[in-house]
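Visitor: Supplied in structure tokens, the structure appears directly below.
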Amino acid sequence: MTHYRAAAAATLRIVPLDALTLIYHRASGITHIVDSPVPELLEVLGEKALTLDETLAGLAAAHDLIDPDRDALAARLDELVAAGLVEAA
């Protein structure tokens, strides 16, 4: 079972900018321009390792999601892993 956690806080510089958020990833030197739910995902994940279902439950509880989509979350987490913003183990 895969567990996810946000990249170490020391490697990320997160700056909200109106409806978007800028995330500078120090390890890669890349600045990512993201929209919801990426900042919320990183907040829920923190540096603790969570399963997909635990992440979905955390998002649903923190943001009053009515109909959370497990497959959409899995796809988004895979994108964030590829970008280096989330680690999978």
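So you can find residues: chains in the structure tokens are A, B, ... in the order shown, residues in each start at 1, and ligands are numbered from 1 in order.
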Per residue of region 33-89 of chain A within 7 Å of region 2-13 of chain A, what are the shortest atom pair and its distance in Å to one decimal, counting only C-alpha atoms, with rows by chain and residue number, as a tab-separated table?
Guide:
residue	atom	partner	partner_atom	distance
A:Leu42	CA	A:Ala6	CA	5.5
A:Leu45	CA	A:Arg5	CA	5.2
A:Gly46	CA	A:Ala6	CA	5.3
A:Glu47	CA	A:Arg5	CA	5.3
A:Lys48	CA	A:Arg5	CA	5.6
A:Ala49	CA	A:Arg5	CA	4.7
A:Leu50	CA	A:His3	CA	4.9
A:Thr51	CA	A:His3	CA	4.5
A:Leu52	CA	A:His3	CA	7.0
A:Leu85	CA	A:Ala7	CA	5.2
A:Val86	CA	A:Ala6	CA	4.3
A:Glu87	CA	A:Arg5	CA	5.4
A:Ala88	CA	A:Tyr4	CA	4.6
A:Ala89	CA	A:His3	CA	5.3
Visitor: Any chance you could list, as JSON, numbers by chain, the residues in chain A that come up helix (DSSP H, G or I) when DSSP is run on the backbone?
Guide: {"A": [9, 10, 11, 38, 39, 40, 41, 42, 43, 44, 45, 52, 53, 54, 55, 56, 57, 58, 59, 60, 61, 62, 63, 70, 71, 72, 73, 74, 75, 76, 77, 78, 79, 80, 81, 82, 83]}
Visitor: Report as a ChimeraX atom specification: the residues of chain A with a DSSP assignment of strand (DSSP E), based on the backbone of this structure.
Guide: /A:3-6,12-17,20-25,30-34,50-51,86-88
Visitor: Rank nothing, just name the residue among A:Ala74, A:Ala19, A:Ile14, A:Val44 nearest to Thr31 (chain A), using only C-alpha atoms.
Guide: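 Looking at the shortest contact to Thr31 (chain A), the residue is A:Ile14.
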Visitor: Please determine, counting only C-alpha atoms, which residue among A:Leu56, A:Met1, A:Val38, A:Ala72 has the shortest atom-to-atom distance to Ile23 (chain A).
Guide: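 Closest to Ile23 (chain A), using only C-alpha atoms: A:Val38.
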Visitor: Of the residues A:Leu41, A:Ala75, A:Ile66, A:Ala83, which is the one nearest to Gly29 (chain A), using only C-alpha atoms?
Guide: A:Ala83
Visitor: Name the closest residue to Ala82 (chain A) among the candidates A:Ala60, A:Ser36, A:Ser28, A:Glu43; distances are taken between atoms, counting only C-alpha atoms.
Guide: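 For Ala82 (chain A), the nearest of the candidates is A:Ser28.
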Visitor: Tell me which of A:Val81, A:Val34, A:Ala61, A:Leu73 sits closest to Leu22 (chain A), counting only C-alpha atoms.
Guide: A:Val34
Visitor: Please report the interatomic distance between CA of His25 (chain A) and CA of Leu59 (chain A) in Å with one decimal.
Guide: 22.6 Å
Visitor: Could you work out how far CA of Tyr24 (chain A) lies from CA of Pro68 (chain A), giving the answer in Å with one decimal?
Guide: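 Going from CA of Pro68 (chain A) over to CA of Tyr24 (chain A) covers 27.8 Å.
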Visitor: One decimal, in Å: what's the spacing between CA of Asp53 (chain A) and CA of Thr21 (chain A)?
Guide: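 We find that CA of Asp53 (chain A) and CA of Thr21 (chain A) lie 24.9 Å from each other.
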